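Undergrad: Structure file input-v6.tsv (TSV, C-alpha atoms) right here:
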```
chain	number	residue	atom	x	y	z
Q	806	MET	CA	6.41	-19.32	-17.53
Q	807	TYR	CA	5.77	-18.45	-21.21
Q	808	HIS	CA	2.36	-17.01	-22.11
Q	809	ILE	CA	0.73	-17.95	-25.43
Q	810	LEU	CA	-1.92	-16.19	-27.51
Q	811	ILE	CA	-3.92	-18.37	-29.94
Q	812	ILE	CA	-5.58	-16.56	-32.87
Q	813	ASP	CA	-7.98	-18.36	-35.20
Q	814	ASP	CA	-11.44	-17.47	-36.50
Q	815	LYS	CA	-12.83	-20.93	-35.66
Q	816	GLU	CA	-13.73	-21.38	-32.00
Q	817	ALA	CA	-13.71	-25.18	-32.28
Q	818	PHE	CA	-10.14	-25.06	-33.57
Q	819	ARG	CA	-9.05	-22.79	-30.68
Q	820	ARG	CA	-10.59	-25.22	-28.21
Q	821	LYS	CA	-8.89	-28.16	-29.93
Q	822	ILE	CA	-5.47	-26.56	-29.45
Q	823	GLN	CA	-6.20	-25.79	-25.80
Q	824	ARG	CA	-7.08	-29.45	-25.18
Q	825	LEU	CA	-3.84	-30.86	-26.64
Q	826	PRO	CA	-1.97	-33.00	-24.06
Q	827	PHE	CA	1.23	-30.98	-24.48
Q	828	PHE	CA	-0.25	-28.02	-22.60
Q	829	GLN	CA	-1.13	-30.20	-19.63
Q	830	GLU	CA	2.20	-32.01	-19.65
Q	831	ARG	CA	4.17	-28.72	-19.77
Q	832	LYS	CA	1.85	-26.45	-17.76
Q	833	ASP	CA	4.83	-25.58	-15.58
Q	834	LEU	CA	6.46	-23.93	-18.59
Q	835	VAL	CA	3.79	-22.71	-21.04
Q	836	THR	CA	0.18	-21.64	-20.73
Q	837	ILE	CA	-2.42	-20.50	-23.26
Q	838	GLN	CA	-3.22	-17.23	-21.54
Q	839	TYR	CA	-5.28	-15.55	-24.28
Q	840	THR	CA	-7.31	-16.41	-27.40
Q	841	ALA	CA	-8.68	-14.23	-30.20
Q	842	GLN	CA	-10.81	-14.78	-33.31
Q	843	ASN	CA	-9.01	-12.40	-35.71
Q	844	GLY	CA	-5.84	-10.38	-36.08
Q	845	ARG	CA	-7.35	-7.10	-34.90
Q	846	GLU	CA	-8.61	-8.68	-31.68
Q	847	GLY	CA	-5.23	-10.35	-31.22
Q	848	LEU	CA	-3.45	-7.01	-31.77
Q	849	GLU	CA	-5.54	-5.38	-29.03
Q	850	ILE	CA	-4.53	-8.15	-26.62
Q	851	LEU	CA	-0.87	-7.77	-27.54
Q	852	GLU	CA	-1.00	-4.03	-26.94
Q	853	GLN	CA	-2.44	-4.55	-23.47
Q	854	HIS	CA	-0.69	-7.68	-22.24
Q	855	CYS	CA	2.65	-9.40	-22.26
Q	856	VAL	CA	2.66	-12.39	-24.62
Q	857	ASP	CA	5.70	-14.55	-25.33
Q	858	ILE	CA	4.38	-16.69	-28.19
Q	859	VAL	CA	1.67	-15.93	-30.75
Q	860	ILE	CA	0.18	-18.84	-32.69
Q	861	THR	CA	-1.94	-17.38	-35.48
Q	862	ASP	CA	-3.81	-18.61	-38.51
Q	863	ILE	CA	-2.81	-16.93	-41.78
Q	864	ARG	CA	-6.28	-16.65	-43.33
Q	865	MET	CA	-8.74	-14.76	-41.10
Q	866	PRO	CA	-11.38	-12.06	-41.58
Q	867	ILE	CA	-10.84	-8.39	-40.53
Q	868	MET	CA	-7.06	-8.75	-40.16
Q	869	ASP	CA	-5.14	-11.74	-41.48
Q	870	GLY	CA	-2.09	-13.37	-39.95
Q	871	LEU	CA	0.53	-11.74	-42.19
Q	872	THR	CA	-0.82	-8.24	-41.55
Q	873	LEU	CA	-0.79	-8.99	-37.84
Q	874	LEU	CA	2.76	-10.29	-38.09
Q	875	ARG	CA	3.91	-7.00	-39.67
Q	876	GLN	CA	2.27	-5.07	-36.82
Q	877	ILE	CA	3.94	-7.31	-34.25
Q	878	GLN	CA	7.34	-6.73	-35.83
Q	879	GLN	CA	6.90	-2.96	-36.19
Q	880	LYS	CA	5.73	-2.47	-32.61
Q	881	ASN	CA	7.92	-5.14	-30.94
Q	882	LEU	CA	4.84	-6.74	-29.37
Q	883	CYS	CA	6.00	-10.35	-29.22
Q	884	ARG	CA	9.30	-12.16	-29.64
Q	885	CYS	CA	7.99	-15.34	-31.24
Q	886	THR	CA	5.18	-15.72	-33.79
Q	887	ILE	CA	4.17	-19.09	-35.23
Q	888	LEU	CA	1.92	-19.23	-38.29
Q	889	LEU	CA	-0.79	-21.80	-38.99
Q	890	SER	CA	-1.52	-22.56	-42.61
Q	891	GLU	CA	-3.31	-24.97	-44.88
Q	892	TYR	CA	-1.16	-26.97	-47.29
Q	893	THR	CA	-2.37	-24.75	-50.15
Q	894	GLU	CA	-1.14	-21.64	-48.30
Q	895	PHE	CA	2.48	-22.77	-48.24
Q	896	SER	CA	3.68	-19.70	-50.15
Q	897	TYR	CA	2.05	-17.42	-47.55
Q	898	ALA	CA	3.78	-19.31	-44.77
Q	899	LYS	CA	7.15	-18.80	-46.45
Q	900	GLU	CA	6.34	-15.10	-46.82
Q	901	GLY	CA	5.68	-15.01	-43.09
Q	902	ILE	CA	9.18	-16.35	-42.41
Q	903	ILE	CA	10.56	-13.47	-44.47
Q	904	TYR	CA	8.58	-11.03	-42.29
Q	905	GLY	CA	10.06	-12.53	-39.13
Q	906	ALA	CA	7.83	-15.43	-38.09
Q	907	PHE	CA	9.63	-18.01	-35.99
Q	908	ASP	CA	8.10	-20.96	-37.85
Q	909	TYR	CA	4.89	-22.29	-39.34
Q	910	ILE	CA	2.73	-25.37	-38.85
Q	911	VAL	CA	0.70	-26.90	-41.65
Q	912	LYS	CA	-2.78	-27.96	-40.56
Q	913	PRO	CA	-4.16	-30.28	-39.30
Q	914	ILE	CA	-2.63	-29.59	-35.89
Q	915	THR	CA	-1.50	-32.60	-33.88
Q	916	ASN	CA	-0.02	-32.86	-30.43
Q	917	GLN	CA	3.28	-33.94	-31.95
Q	918	ASN	CA	3.72	-31.04	-34.37
Q	919	ILE	CA	2.69	-28.42	-31.78
Q	920	GLN	CA	5.11	-30.01	-29.31
Q	921	ASP	CA	7.97	-30.01	-31.81
Q	922	VAL	CA	7.63	-26.35	-32.74
Q	923	LEU	CA	6.94	-25.10	-29.21
Q	924	GLU	CA	9.91	-26.93	-27.72
Q	925	ARG	CA	12.11	-25.21	-30.31
Q	926	ALA	CA	10.36	-21.87	-29.60
Q	927	ILE	CA	11.04	-22.23	-25.89
Q	928	LYS	CA	14.74	-22.89	-26.51
Q	929	TYR	CA	14.80	-19.85	-28.80
Q	930	LEU	CA	13.16	-17.64	-26.15
Q	931	ASP	CA	15.47	-18.95	-23.44
Q	932	GLY	CA	18.39	-17.88	-25.59
Q	933	LEU	CA	16.90	-14.39	-26.02
Q	934	SER	CA	16.32	-13.89	-22.31
Q	935	PRO	CA	19.54	-12.92	-20.53
Q	936	GLU	CA	17.35	-10.74	-18.30
Q	937	ASP	CA	15.51	-13.75	-16.91
Q	938	ASP	CA	17.83	-14.45	-13.98
Q	939	ALA	CA	17.96	-10.87	-12.68
Q	940	VAL	CA	14.42	-9.87	-13.54
Q	941	GLN	CA	12.81	-13.11	-12.41
Q	942	GLU	CA	14.79	-13.12	-9.17
Q	943	ARG	CA	13.59	-9.58	-8.40
Q	944	THR	CA	10.04	-10.47	-9.39
Q	945	ARG	CA	10.11	-13.34	-6.90
Q	946	LEU	CA	11.47	-10.94	-4.27
Q	947	LEU	CA	8.52	-8.64	-4.95
Q	948	VAL	CA	6.12	-11.55	-4.46
Q	949	ASP	CA	7.73	-12.40	-1.11
Q	950	ASN	CA	7.59	-8.77	0.01
Q	951	ILE	CA	3.96	-8.36	-1.03
Q	952	LEU	CA	2.87	-11.50	0.82
Q	953	ASN	CA	4.93	-10.74	3.92
Q	954	GLY	CA	3.90	-7.08	4.14
Q	955	ALA	CA	7.55	-5.98	3.96
Q	956	GLN	CA	8.54	-2.42	3.13
Q	957	GLU	CA	11.34	-3.11	0.63
Q	958	CYS	CA	9.24	-2.99	-2.57
Q	959	ARG	CA	10.47	0.46	-3.63
Q	960	GLN	CA	14.10	-0.67	-3.38
Q	961	ILE	CA	13.39	-3.85	-5.37
Q	962	VAL	CA	11.58	-1.87	-8.08
Q	963	ARG	CA	14.67	0.37	-8.42
Q	964	LEU	CA	16.85	-2.74	-8.88
Q	965	LEU	CA	14.34	-4.06	-11.39
Q	966	GLN	CA	14.41	-0.76	-13.26
Q	967	GLU	CA	18.21	-0.86	-13.46
Q	968	ALA	CA	18.14	-4.40	-14.90
Q	969	ILE	CA	15.45	-3.56	-17.47
Q	970	GLU	CA	17.11	-0.31	-18.57
Q	971	GLN	CA	20.41	-2.11	-19.12
Q	972	LEU	CA	18.76	-4.73	-21.30
Q	973	ALA	CA	16.20	-2.64	-23.20
Q	974	HIS	CA	17.24	0.60	-24.86
Q	975	SER	CA	13.82	1.93	-25.86
Q	976	LEU	CA	10.61	2.69	-23.99
Q	977	PRO	CA	8.41	0.29	-26.05
Q	978	ILE	CA	10.66	-2.68	-25.20
Q	979	ARG	CA	10.84	-1.63	-21.55
Q	980	LYS	CA	7.04	-1.51	-21.47
Q	981	VAL	CA	6.92	-5.05	-22.86
Q	982	MET	CA	9.31	-6.20	-20.15
Q	983	VAL	CA	7.33	-4.46	-17.40
Q	984	LYS	CA	4.14	-6.06	-18.77
Q	985	ARG	CA	5.90	-9.41	-18.49
Q	986	VAL	CA	6.92	-8.65	-14.90
Q	987	LEU	CA	3.31	-7.78	-14.00
Q	988	ASP	CA	1.92	-10.88	-15.70
Q	989	ASN	CA	4.43	-13.09	-13.89
Q	990	LEU	CA	3.78	-11.25	-10.63
Q	991	GLY	CA	0.06	-11.93	-10.91
Q	992	TYR	CA	0.66	-15.57	-11.82
Q	993	LEU	CA	3.04	-16.12	-8.88
Q	994	LEU	CA	0.76	-14.39	-6.38
Q	995	LEU	CA	-2.22	-16.53	-7.37
Q	996	GLU	CA	-0.04	-19.63	-7.40
Q	997	ALA	CA	1.02	-18.86	-3.81
Q	998	ARG	CA	-2.47	-17.82	-2.66
Q	999	PRO	CA	-5.03	-19.39	-5.05
Q	1000	TYR	CA	-7.97	-18.22	-2.91
Q	1001	MET	CA	-7.03	-14.58	-3.54
Q	1002	GLU	CA	-8.71	-14.86	-6.94
Q	1003	ASN	CA	-11.99	-14.75	-4.97
Q	1004	TYR	CA	-11.04	-11.53	-3.17
Q	1005	VAL	CA	-8.48	-9.45	-5.04
Q	1006	PRO	CA	-8.72	-8.46	-8.74
Q	1007	VAL	CA	-5.08	-9.44	-9.28
Q	1008	THR	CA	-5.34	-9.74	-13.07
Q	1009	GLN	CA	-7.03	-6.35	-13.37
Q	1010	ILE	CA	-4.47	-4.63	-11.12
Q	1011	CYS	CA	-1.61	-6.13	-13.12
Q	1012	LYS	CA	-2.73	-4.54	-16.41
Q	1013	LEU	CA	-0.47	-1.76	-17.70
Q	1014	SER	CA	-1.83	1.38	-19.37
Q	1015	ILE	CA	-0.83	1.83	-23.01
Q	1016	HIS	CA	-0.68	5.61	-22.50
Q	1017	ILE	CA	2.55	5.63	-20.49
Q	1018	ASP	CA	5.03	7.87	-22.32
Q	1019	SER	CA	8.17	7.99	-20.14
Q	1020	ASP	CA	10.42	5.72	-18.09
Q	1021	GLU	CA	9.53	7.64	-14.93
Q	1022	LYS	CA	5.81	7.04	-15.44
Q	1023	LEU	CA	6.44	3.39	-16.34
Q	1024	PHE	CA	8.27	2.46	-13.15
Q	1025	ASP	CA	6.07	4.68	-10.99
Q	1026	ALA	CA	3.08	2.77	-12.40
Q	1027	LEU	CA	4.79	-0.53	-11.57
Q	1028	PHE	CA	5.47	0.57	-7.99
Q	1029	HIS	CA	1.92	1.86	-7.45
Q	1030	LYS	CA	0.48	-1.43	-8.71
Q	1031	ILE	CA	2.71	-3.32	-6.29
Q	1032	GLU	CA	1.59	-1.03	-3.46
Q	1033	LEU	CA	-2.05	-1.65	-4.39
Q	1034	LEU	CA	-1.53	-5.43	-4.48
Q	1035	GLN	CA	0.16	-5.29	-1.10
Q	1036	THR	CA	-2.65	-3.19	0.38
Q	1037	GLU	CA	-5.36	-5.49	-0.98
Q	1038	ILE	CA	-3.67	-8.73	0.02
Q	1039	ASN	CA	-2.69	-7.46	3.47
Q	1040	LYS	CA	-6.37	-7.11	4.32
Q	1041	PHE	CA	-6.25	-10.89	4.66
Q	1042	GLU	CA	-2.62	-11.68	5.41
Q	1043	ILE	CA	-2.74	-11.05	9.16
Q	1044	ALA	CA	0.66	-10.37	10.74
Q	1045	THR	CA	0.59	-12.66	13.78
Q	1046	GLU	CA	2.91	-15.06	15.55
Q	1047	SER	CA	-0.06	-17.23	16.56
Q	1048	PRO	CA	-0.48	-20.36	14.40
Q	1049	LEU	CA	-4.03	-20.66	15.77
Q	1050	ILE	CA	-5.06	-17.21	14.55
Q	1051	ARG	CA	-3.37	-17.76	11.16
Q	1052	ASP	CA	-5.28	-21.04	10.74
Q	1053	ILE	CA	-8.56	-19.41	11.75
Q	1054	CYS	CA	-8.09	-16.51	9.30
Q	1055	GLN	CA	-7.27	-18.97	6.54
Q	1056	ASN	CA	-10.35	-21.01	7.39
Q	1057	ILE	CA	-12.57	-17.92	7.25
Q	1058	ILE	CA	-11.15	-16.91	3.86
Q	1059	LEU	CA	-11.68	-20.37	2.39
Q	1060	HIS	CA	-15.21	-20.82	3.78
Q	1061	ILE	CA	-16.64	-17.31	3.83
Q	1062	GLU	CA	-19.88	-18.42	2.17
Q	1063	ASP	CA	-20.50	-20.98	4.92
Q	1064	ASP	CA	-22.42	-20.23	8.11
Q	1065	ILE	CA	-19.57	-18.84	10.24
Q	1066	ASN	CA	-19.65	-17.21	13.67
Q	1067	LEU	CA	-17.36	-16.97	16.69
Q	1068	GLN	CA	-18.92	-19.90	18.53
Q	1069	LYS	CA	-18.71	-22.26	15.54
Q	1070	VAL	CA	-15.08	-21.33	14.88
Q	1071	ALA	CA	-14.21	-21.77	18.56
Q	1072	ASP	CA	-15.83	-25.20	18.53
Q	1073	LYS	CA	-14.05	-26.18	15.32
Q	1074	PHE	CA	-10.64	-25.25	16.76
Q	1075	PHE	CA	-11.40	-26.62	20.26
Q	1076	VAL	CA	-10.93	-23.33	22.13
Q	1077	ASN	CA	-13.06	-21.30	24.49
Q	1078	LYS	CA	-15.20	-18.66	22.74
Q	1079	LYS	CA	-14.23	-15.82	25.11
Q	1080	TYR	CA	-10.54	-16.78	24.97
Q	1081	LEU	CA	-10.64	-16.81	21.16
Q	1082	SER	CA	-12.35	-13.42	21.03
Q	1083	THR	CA	-9.68	-11.86	23.28
Q	1084	LEU	CA	-6.75	-13.56	21.52
Q	1085	PHE	CA	-8.03	-12.64	18.06
Q	1086	ARG	CA	-8.21	-8.95	18.92
Q	1087	GLN	CA	-4.79	-9.00	20.61
Q	1088	GLU	CA	-3.14	-10.65	17.62
Q	1089	THR	CA	-4.89	-8.83	14.76
Q	1090	GLY	CA	-5.94	-5.47	16.17
Q	1091	VAL	CA	-9.55	-6.04	15.07
Q	1092	ARG	CA	-12.50	-7.88	16.56
Q	1093	PHE	CA	-13.37	-11.29	15.18
Q	1094	VAL	CA	-16.75	-10.06	13.91
Q	1095	ASP	CA	-15.10	-7.11	12.14
Q	1096	TYR	CA	-12.56	-9.35	10.39
Q	1097	LEU	CA	-15.37	-11.66	9.33
Q	1098	THR	CA	-17.28	-8.69	7.89
Q	1099	ILE	CA	-14.17	-7.36	6.09
Q	1100	VAL	CA	-13.70	-10.70	4.36
Q	1101	LYS	CA	-17.39	-10.85	3.41
Q	1102	ILE	CA	-17.35	-7.34	1.94
Q	1103	GLU	CA	-14.17	-8.03	-0.06
Q	1104	ARG	CA	-15.77	-11.19	-1.43
Q	1105	ALA	CA	-18.91	-9.21	-2.28
Q	1106	LYS	CA	-16.85	-6.62	-4.20
Q	1107	ILE	CA	-15.50	-9.33	-6.49
Q	1108	MET	CA	-18.94	-10.94	-6.91
Q	1109	LEU	CA	-20.41	-7.56	-7.89
Q	1110	ARG	CA	-18.08	-7.50	-10.91
Q	1111	TYR	CA	-20.36	-10.06	-12.55
Q	1112	PRO	CA	-23.47	-8.20	-13.80
Q	1113	ASP	CA	-25.62	-11.33	-13.93
Q	1114	VAL	CA	-25.28	-11.89	-10.15
Q	1115	LYS	CA	-28.08	-10.14	-8.25
Q	1116	ILE	CA	-27.35	-8.17	-5.07
Q	1117	TYR	CA	-29.89	-10.11	-3.02
Q	1118	LYS	CA	-28.22	-13.37	-4.13
Q	1119	ILE	CA	-24.82	-12.07	-3.00
Q	1120	ALA	CA	-26.33	-11.09	0.35
Q	1121	GLU	CA	-27.83	-14.57	0.76
Q	1122	ARG	CA	-24.60	-16.33	-0.17
Q	1123	LEU	CA	-22.71	-14.29	2.44
Q	1124	GLY	CA	-25.21	-14.99	5.20
Q	1125	TYR	CA	-27.27	-11.79	5.15
Q	1126	ALA	CA	-30.99	-12.60	5.17
Q	1127	ASP	CA	-31.85	-8.88	4.90
Q	1128	THR	CA	-30.59	-7.27	1.68
Q	1129	GLU	CA	-31.09	-3.76	3.05
Q	1130	TYR	CA	-28.94	-4.57	6.08
Q	1131	PHE	CA	-26.27	-6.02	3.78
Q	1132	SER	CA	-26.34	-2.78	1.75
Q	1133	ARG	CA	-25.87	-0.69	4.92
Q	1134	VAL	CA	-22.94	-2.82	6.06
Q	1135	PHE	CA	-21.40	-2.68	2.57
Q	1136	LYS	CA	-21.69	1.12	2.52
Q	1137	SER	CA	-20.19	1.50	5.99
Q	1138	PHE	CA	-17.05	-0.33	4.80
Q	1139	THR	CA	-16.76	1.00	1.23
Q	1140	GLY	CA	-18.60	4.33	1.18
Q	1141	PHE	CA	-20.88	2.99	-1.57
Q	1142	THR	CA	-24.07	0.99	-1.68
Q	1143	PRO	CA	-23.70	-2.24	-3.70
Q	1144	SER	CA	-25.60	-0.73	-6.64
Q	1145	THR	CA	-23.52	2.48	-6.75
Q	1146	TYR	CA	-20.32	0.41	-6.34
Q	1147	VAL	CA	-21.25	-1.52	-9.49
Q	1148	ALA	CA	-21.92	1.71	-11.40
Q	1149	LYS	CA	-18.77	3.57	-10.37
```
Translate the structure of the given file into structure tokens.
TA:
Amino acid sequence: MYHILIIDDKEAFRRKIQRLPFFQERKDLVTIQYTAQNGREGLEILEQHCVDIVITDIRMPIMDGLTLLRQIQQKNLCRCTILLSEYTEFSYAKEGIIYGAFDYIVKPITNQNIQDVLERAIKYLDGLSPEDDAVQERTRLLVDNILNGAQECRQIVRLLQEAIEQLAHSLPIRKVMVKRVLDNLGYLLLEARPYMENYVPVTQICKLSIHIDSDEKLFDALFHKIELLQTEINKFEIATESPLIRDICQNIILHIEDDINLQKVADKFFVNKKYLSTLFRQETGVRFVDYLTIVKIERAKIMLRYPDVKIYKIAERLGYADTEYFSRVFKSFTGFTPSTYVAK
């Protein structure tokens, strides 16, 4: 999966590119992951995230496309930059090629001309990516280990480190590659478990600090992020041999904002309430009501990230008629009241 950053000072133009049919037809291969309205904003994104293709206008306020291109080249922030220009800016586009742009597109943008240049860009990137087989294979192994609660992540990270160090001979390039691993890791985890977006801040966890200044810190950071993802996801991924309990846990996760209790779940799955209560605790190590509360609190933690959502509304959506009681339950599980959790 190749991630694209679109930079243009006109929001309507950015939306137009995002709506082009090509990105729906090839969503298995490319995705517009980020957008920015000027070069400086685009540079900040590039310094924080892994981007494979930058599509940037030449003429923009604050920082123009050519200045951004120079920064990209100096800092090795992206392997493929495509310039957008008006017909009258043809000389600037040619200058961009001299500075290392992959290609340029003369406006107006059409589905055909974006498809032509991006198909060539993808072939170009494929040719630059001998690490893909080894690194992508180990990234997929990490995903499997995270989801299955396995304990082999440290060993896989060491293998990943060996592959990256063989291919990249400087820390900045290694950081770019680790950023790409984290971005792909997040994408694959959410592809495998789409509902986790409602419970685990996968995208936030997968961000890499720009202050890392050694290989040791870089791969330690990668391992700790993987550990954190595994810890967060394993709150929900119950290790059980019982298909019934797996289905019930999945149902709770998907419908946590519905009116759920032990009796209703027992009725839905055609089992006796007492039998289900006993089996659930045997298979998971926790009581049904405690698992239900864990899922509610994890959902609440994500909802609290949005400042416009009121605490009493979150309580109501999760089935708590009494906001004070919800706050007490939240604190018993997290150590914080909802309001202090937001502020921390």
Undergrad: Take the point (4.6, 4.9, -1.4) as written in the file and pick out every residue within 12 Å of it, counting only C-alpha atoms; give the list as number ranges by chain.
TA: Q: 956-960, 962, 1025-1033, 1035-1036
Undergrad: Every residue with an atom at most 7 Å from (-31.1, -5.4, -0.4) (file coordinates; only C-alpha atoms) is what I'm after, so could you write them as a count of residues only?
TA: 8
Undergrad: Using all atoms listed in the file, which protein or nucleic acid residues come within 8 Å of Q:Asn989? Drop anything in the same chain fewer than 3 positions from it, and give the result as a list in words.
TA: Met806, Thr944, Arg985, Val986, Tyr992 and Leu993 of chain Q
Undergrad: Restricting the calculation to all atoms listed in the file, which member of Q:Arg820, Q:Pro977, Q:Asp908, Q:Gly847 is positioned closest to Q:Gln879?
TA: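 Closest to Q:Gln879, using all atoms listed in the file: Q:Pro977.
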Undergrad: What is the distance between atom CA of Q:Asp857 and atom CA of Q:Asn950, in Å to one decimal?
TA: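 Computed distance, atom CA of Q:Asp857 to atom CA of Q:Asn950, equals 26.1 Å.
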Undergrad: Applying 12 Å and only C-alpha atoms, which residues near Q:Ile1061 remain after dropping the ones on its own chain fewer than 5 positions away? List them as a PDB file with C-alpha atoms, keeping the file's coordinate frame.
TA:
```pdb
ATOM      1  CA  TYR Q1000      -7.970 -18.220  -2.910  1.00  0.00           C
ATOM      2  CA  ASN Q1003     -11.990 -14.750  -4.970  1.00  0.00           C
ATOM      3  CA  TYR Q1004     -11.040 -11.530  -3.170  1.00  0.00           C
ATOM      4  CA  ILE Q1053      -8.560 -19.410  11.750  1.00  0.00           C
ATOM      5  CA  CYS Q1054      -8.090 -16.510   9.300  1.00  0.00           C
ATOM      6  CA  GLN Q1055      -7.270 -18.970   6.540  1.00  0.00           C
ATOM      7  CA  ASN Q1056     -10.350 -21.010   7.390  1.00  0.00           C
ATOM      8  CA  ASN Q1066     -19.650 -17.210  13.670  1.00  0.00           C
ATOM      9  CA  VAL Q1070     -15.080 -21.330  14.880  1.00  0.00           C
ATOM     10  CA  TYR Q1096     -12.560  -9.350  10.390  1.00  0.00           C
ATOM     11  CA  LEU Q1097     -15.370 -11.660   9.330  1.00  0.00           C
ATOM     12  CA  THR Q1098     -17.280  -8.690   7.890  1.00  0.00           C
ATOM     13  CA  ILE Q1099     -14.170  -7.360   6.090  1.00  0.00           C
ATOM     14  CA  VAL Q1100     -13.700 -10.700   4.360  1.00  0.00           C
ATOM     15  CA  LYS Q1101     -17.390 -10.850   3.410  1.00  0.00           C
ATOM     16  CA  ILE Q1102     -17.350  -7.340   1.940  1.00  0.00           C
ATOM     17  CA  GLU Q1103     -14.170  -8.030  -0.060  1.00  0.00           C
ATOM     18  CA  ARG Q1104     -15.770 -11.190  -1.430  1.00  0.00           C
ATOM     19  CA  ALA Q1105     -18.910  -9.210  -2.280  1.00  0.00           C
ATOM     20  CA  ILE Q1119     -24.820 -12.070  -3.000  1.00  0.00           C
ATOM     21  CA  GLU Q1121     -27.830 -14.570   0.760  1.00  0.00           C
ATOM     22  CA  ARG Q1122     -24.600 -16.330  -0.170  1.00  0.00           C
ATOM     23  CA  LEU Q1123     -22.710 -14.290   2.440  1.00  0.00           C
ATOM     24  CA  GLY Q1124     -25.210 -14.990   5.200  1.00  0.00           C
TER      25      GLY Q1124
END
```
Undergrad: With distances taken over all atoms listed in the file, which residue among Q:Ala1044, Q:Met1108, Q:Leu810, Q:Leu994 lies nearest Q:Cys1011?
TA: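 Closest to Q:Cys1011, using all atoms listed in the file: Q:Leu994.
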Undergrad: Calculated over all atoms listed in the file, which of the candidates Q:Gln920, Q:Ala841, Q:Ile1017, Q:Leu1059 has the smallest distance to Q:Leu825?
TA: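 Looking at the shortest contact to Q:Leu825, the residue is Q:Gln920.
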Undergrad: Could you give me, as a PyMOL selection string, the residues within 8 Å of Q:Arg1092, counting all atoms listed in the file and dropping anything in the same chain fewer than 5 positions from it?
TA: chain Q and resi 1082+1085-1086
Undergrad: For Q:Gln876, which residue out of Q:Val911, Q:Ala1071, Q:Ala906, Q:Ile1038 is the nearest one, using all atoms listed in the file?
TA: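 Distance minimum relative to Q:Gln876 lands on Q:Ala906.
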Undergrad: Can you tell me how far atom CA of Q:Asp938 sits from atom CA of Q:Phe907, in Å to one decimal?
TA: 23.8 Å
Undergrad: For atom CA of Q:Leu1023 and atom CA of Q:Ala973, quote the distance in Å rounded to one decimal.
TA: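 Taking atom CA of Q:Leu1023 and atom CA of Q:Ala973, their separation equals 13.4 Å.
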Undergrad: Would you mind putting back N, CA and C atoms on stretch 1047-1058 of chain Q, then writing it out as a compact mmCIF listing (two decimals), in the frame of the given file?
TA:
```
# COMPACT_ATOMS: atom_id res chain seq x y z
N SER Q 1047 0.78 -16.14 16.06
CA SER Q 1047 -0.06 -17.23 16.56
C SER Q 1047 -0.48 -18.16 15.43
N PRO Q 1048 -0.02 -19.40 15.43
CA PRO Q 1048 -0.48 -20.36 14.40
C PRO Q 1048 -1.99 -20.56 14.44
N LEU Q 1049 -2.58 -20.49 15.65
CA LEU Q 1049 -4.03 -20.66 15.77
C LEU Q 1049 -4.77 -19.56 15.03
N ILE Q 1050 -4.38 -18.32 15.21
CA ILE Q 1050 -5.06 -17.21 14.55
C ILE Q 1050 -4.83 -17.25 13.05
N ARG Q 1051 -3.63 -17.63 12.61
CA ARG Q 1051 -3.37 -17.76 11.16
C ARG Q 1051 -4.29 -18.81 10.56
N ASP Q 1052 -4.41 -19.97 11.25
CA ASP Q 1052 -5.28 -21.04 10.74
C ASP Q 1052 -6.75 -20.61 10.70
N ILE Q 1053 -7.17 -19.87 11.70
CA ILE Q 1053 -8.56 -19.41 11.75
C ILE Q 1053 -8.84 -18.42 10.63
N CYS Q 1054 -7.93 -17.47 10.40
CA CYS Q 1054 -8.09 -16.51 9.30
C CYS Q 1054 -8.15 -17.23 7.96
N GLN Q 1055 -7.28 -18.20 7.78
CA GLN Q 1055 -7.27 -18.97 6.54
C GLN Q 1055 -8.59 -19.72 6.37
N ASN Q 1056 -9.09 -20.28 7.45
CA ASN Q 1056 -10.35 -21.01 7.39
C ASN Q 1056 -11.51 -20.09 7.02
N ILE Q 1057 -11.52 -18.89 7.57
CA ILE Q 1057 -12.57 -17.92 7.25
C ILE Q 1057 -12.52 -17.56 5.77
N ILE Q 1058 -11.32 -17.29 5.27
CA ILE Q 1058 -11.15 -16.91 3.86
C ILE Q 1058 -11.65 -18.01 2.93
```
